[in-house]
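> Structure below; questions to follow.
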Amino acid sequence: MRTTPVGPARVLTAQLVANFAIAVVAMVLFVAVAGLGFGVDLPKHLLGFTLAWLLAAAALLAIGLLITALAPGRGPATAIGTVLFFPMMFFAGLWVPISQMSPLLRNIAHYTPLGAGMGAFQDAYLGHFRPSCRC
């Protein structure tokens with residue numbers, strides 16, 4: 001960031017906008033291909049799904065920007081991001097469904113961005129999305 005005359009805040013803002021735009025396009029394509037190509041129904045609570053997705057995406061992008069802003073370089077930032085990414089994927093239920101986790105792991109999952117996001121996504125798909133805290 002020291003090689004550009006543009007300030008760090010503007011560079012990070014541009015990075016955030018670009019990554020968010022890519023994420024929006026990817027999600028729209030994902031839902032379209034799932035629906036048109038594989039017959040997957042749209043979420044029953046589309047507004048809830050959209051809200052949950054926006055909040056989960058904002059949380060992940062915020063974590064990425066924090067790492068970018070604080071890491072001393074590209075290599076350490078990549079390492080930190082990778083170390084954080086895999087536990088977050090675990091707590092999202094990628095390897096073991098959240099419902100089958102032990103009570104301790106399930107409680108931890110509800111406090112992670114992807115774990116909370118997955119709960120909200122599932123609620124929206126089933127049609128009983130209601131914004132609330134699972135505290």
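Please note that chains go A, B, ... in the order of the structure tokens, that every chain numbers its residues from 1, and that ligands are numbered from 1 in the order shown.
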If we count only C-alpha atoms, what is near stretch 118-123 of chain A at a cut-off of 8 Å, once residues fewer than 6 positions away on the same chain are taken out, given as a list in words?
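The residues satisfying every condition are Gly48, Phe49, Ala52, Trp53, Ala92, Gly93, His110, Phe129 and Arg130 of chain A.
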> Output N, CA and C atoms for every residue in the selection just made, as a PDB file, in the first residue's frame.

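New file selection24.pdb:
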ATOM      1  N   GLY A  48     -35.346 -12.790   3.843  1.00  0.00           N
ATOM      2  CA  GLY A  48     -34.518 -13.284   4.938  1.00  0.00           C
ATOM      3  C   GLY A  48     -33.215 -13.888   4.449  1.00  0.00           C
ATOM      4  N   PHE A  49     -33.305 -14.645   3.343  1.00  0.00           N
ATOM      5  CA  PHE A  49     -32.109 -15.227   2.763  1.00  0.00           C
ATOM      6  C   PHE A  49     -31.147 -14.133   2.317  1.00  0.00           C
ATOM      7  N   ALA A  52     -29.613 -12.450   5.389  1.00  0.00           N
ATOM      8  CA  ALA A  52     -28.614 -13.330   5.997  1.00  0.00           C
ATOM      9  C   ALA A  52     -27.337 -13.371   5.158  1.00  0.00           C
ATOM     10  N   TRP A  53     -27.513 -13.448   3.831  1.00  0.00           N
ATOM     11  CA  TRP A  53     -26.341 -13.486   2.957  1.00  0.00           C
ATOM     12  C   TRP A  53     -25.552 -12.182   3.047  1.00  0.00           C
ATOM     13  N   ALA A  92     -19.322 -23.823  10.075  1.00  0.00           N
ATOM     14  CA  ALA A  92     -20.462 -23.612   9.187  1.00  0.00           C
ATOM     15  C   ALA A  92     -21.154 -24.936   8.869  1.00  0.00           C
ATOM     16  N   GLY A  93     -20.546 -26.039   9.288  1.00  0.00           N
ATOM     17  CA  GLY A  93     -21.136 -27.348   9.052  1.00  0.00           C
ATOM     18  C   GLY A  93     -20.699 -28.001   7.764  1.00  0.00           C
ATOM     19  N   HIS A 110     -22.616 -21.093  16.593  1.00  0.00           N
ATOM     20  CA  HIS A 110     -23.602 -20.015  16.522  1.00  0.00           C
ATOM     21  C   HIS A 110     -22.974 -18.636  16.676  1.00  0.00           C
ATOM     22  N   PHE A 129     -37.783 -17.794   8.749  1.00  0.00           N
ATOM     23  CA  PHE A 129     -36.692 -16.886   9.105  1.00  0.00           C
ATOM     24  C   PHE A 129     -37.235 -15.798  10.010  1.00  0.00           C
ATOM     25  N   ARG A 130     -36.605 -15.611  11.126  1.00  0.00           N
ATOM     26  CA  ARG A 130     -36.928 -14.513  12.010  1.00  0.00           C
ATOM     27  C   ARG A 130     -35.630 -14.028  12.636  1.00  0.00           C
TER      28      ARG A 130
END
> Fewer than 3 positions away in the same chain doesn't count, so skip those; otherwise give me all residues within 8 Å of A:Gly81, counting only C-alpha atoms, as a PyMOL selection string.
chain A and resi 64+67+77-78+84-85
> Write out as a PyMOL selection string the residues lying within 12 Å of A:Ile22, counting only C-alpha atoms and excluding same-chain residues fewer than 6 positions away.
chain A and resi 15-16+28-29+57+61
> Keeping C-alpha atoms, export the residues of the selection given above as a compact mmCIF listing (two decimals), in the first residue's frame.

# COMPACT_ATOMS: atom_id res chain seq x y z
CA GLN A 15 -11.02 -3.65 -2.59
CA LEU A 16 -14.16 -4.06 -0.46
CA VAL A 28 -26.88 -14.75 -8.07
CA LEU A 29 -25.25 -17.22 -10.48
CA ALA A 57 -20.74 -11.56 3.41
CA LEU A 61 -15.26 -9.14 4.14
> Run DSSP on the backbone and tell me which residues of chain A come out as helix (DSSP H, G or I); list them as number ranges by chain.
A: 8-38, 46-70, 74-91, 98-100, 103-110, 113-126
> List as a PyMOL selection string the protein and nucleic acid residues near A:Asn107, meaning an atom at most 12 Å away when only C-alpha atoms are counted, but skip any in the same chain fewer than 2 places from it.
chain A and resi 91-92+98-105+109-112+115-116+119+134-135
> Since we have the selection now, will you write its residues out, keeping N, CA and C atoms, as a short mmCIF file (atom, residue, chain, number, x, y, z; two decimals), in the first residue's frame?

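Output below, filename again.cif:
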data_model
loop_
_atom_site.label_atom_id
_atom_site.label_comp_id
_atom_site.auth_asym_id
_atom_site.auth_seq_id
_atom_site.Cartn_x
_atom_site.Cartn_y
_atom_site.Cartn_z
N PHE A 91 -17.14 -24.75 11.43
CA PHE A 91 -18.27 -24.29 12.24
C PHE A 91 -19.48 -23.90 11.39
N ALA A 92 -19.32 -23.82 10.08
CA ALA A 92 -20.46 -23.61 9.19
C ALA A 92 -21.15 -24.94 8.87
N ILE A 98 -24.04 -28.96 11.69
CA ILE A 98 -24.08 -28.29 12.99
C ILE A 98 -24.99 -29.04 13.95
N SER A 99 -26.09 -29.59 13.44
CA SER A 99 -27.02 -30.31 14.30
C SER A 99 -26.42 -31.58 14.90
N GLN A 100 -25.36 -32.11 14.31
CA GLN A 100 -24.72 -33.32 14.82
C GLN A 100 -23.47 -33.03 15.64
N MET A 101 -23.13 -31.78 15.81
CA MET A 101 -21.97 -31.41 16.63
C MET A 101 -22.32 -31.56 18.10
N SER A 102 -21.29 -31.66 18.90
CA SER A 102 -21.51 -31.70 20.35
C SER A 102 -22.08 -30.35 20.79
N PRO A 103 -22.75 -30.32 21.95
CA PRO A 103 -23.33 -29.05 22.40
C PRO A 103 -22.32 -27.90 22.48
N LEU A 104 -21.10 -28.18 22.91
CA LEU A 104 -20.07 -27.14 22.99
C LEU A 104 -19.75 -26.59 21.60
N LEU A 105 -19.50 -27.48 20.64
CA LEU A 105 -19.18 -27.03 19.28
C LEU A 105 -20.36 -26.32 18.64
N ALA A 109 -20.35 -22.63 17.15
CA ALA A 109 -20.74 -22.39 15.75
C ALA A 109 -21.71 -21.23 15.64
N HIS A 110 -22.62 -21.09 16.59
CA HIS A 110 -23.60 -20.01 16.52
C HIS A 110 -22.97 -18.64 16.68
N TYR A 111 -21.75 -18.57 17.18
CA TYR A 111 -21.07 -17.29 17.37
C TYR A 111 -20.07 -16.98 16.26
N THR A 112 -19.91 -17.87 15.30
CA THR A 112 -19.01 -17.61 14.18
C THR A 112 -19.81 -17.04 13.02
N GLY A 115 -21.21 -19.95 10.82
CA GLY A 115 -22.15 -20.80 11.55
C GLY A 115 -23.49 -20.10 11.73
N ALA A 116 -23.45 -18.85 12.15
CA ALA A 116 -24.68 -18.08 12.29
C ALA A 116 -25.34 -17.87 10.94
N GLY A 119 -27.19 -21.03 9.84
CA GLY A 119 -28.46 -21.15 10.55
C GLY A 119 -29.52 -20.25 9.94
N ARG A 134 -29.34 -16.04 19.03
CA ARG A 134 -29.35 -17.37 19.63
C ARG A 134 -28.45 -17.42 20.86
N CYS A 135 -28.39 -16.32 21.55
CA CYS A 135 -27.49 -16.20 22.69
C CYS A 135 -27.97 -17.02 23.87
#
> For atom CA of A:Leu60 and atom CA of A:Ile108, determine how far apart the two atoms are, in Å to one decimal place.
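Separation of atom CA of A:Leu60 and atom CA of A:Ile108: 16.7 Å.
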> So which residues touch A:Leu126 within 9 Å, counting only C-alpha atoms, skipping near sequence neighbours fewer than 6 positions away, as a PyMOL selection string?
chain A and resi 43-45
> Measuring between only C-alpha atoms, which one of A:Ala71, A:Ala14, A:Ala62, A:Leu47 shows the shortest distance to A:His128?
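Answer, going by the shortest atom-to-atom distance: A:Leu47.
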> Identify which of the residues A:Val96, A:Ile63, A:Ala58, A:Ala69 lies closest to A:Thr82, counting only C-alpha atoms when measuring atom-to-atom distances.
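Nearest to A:Thr82: A:Ile63.
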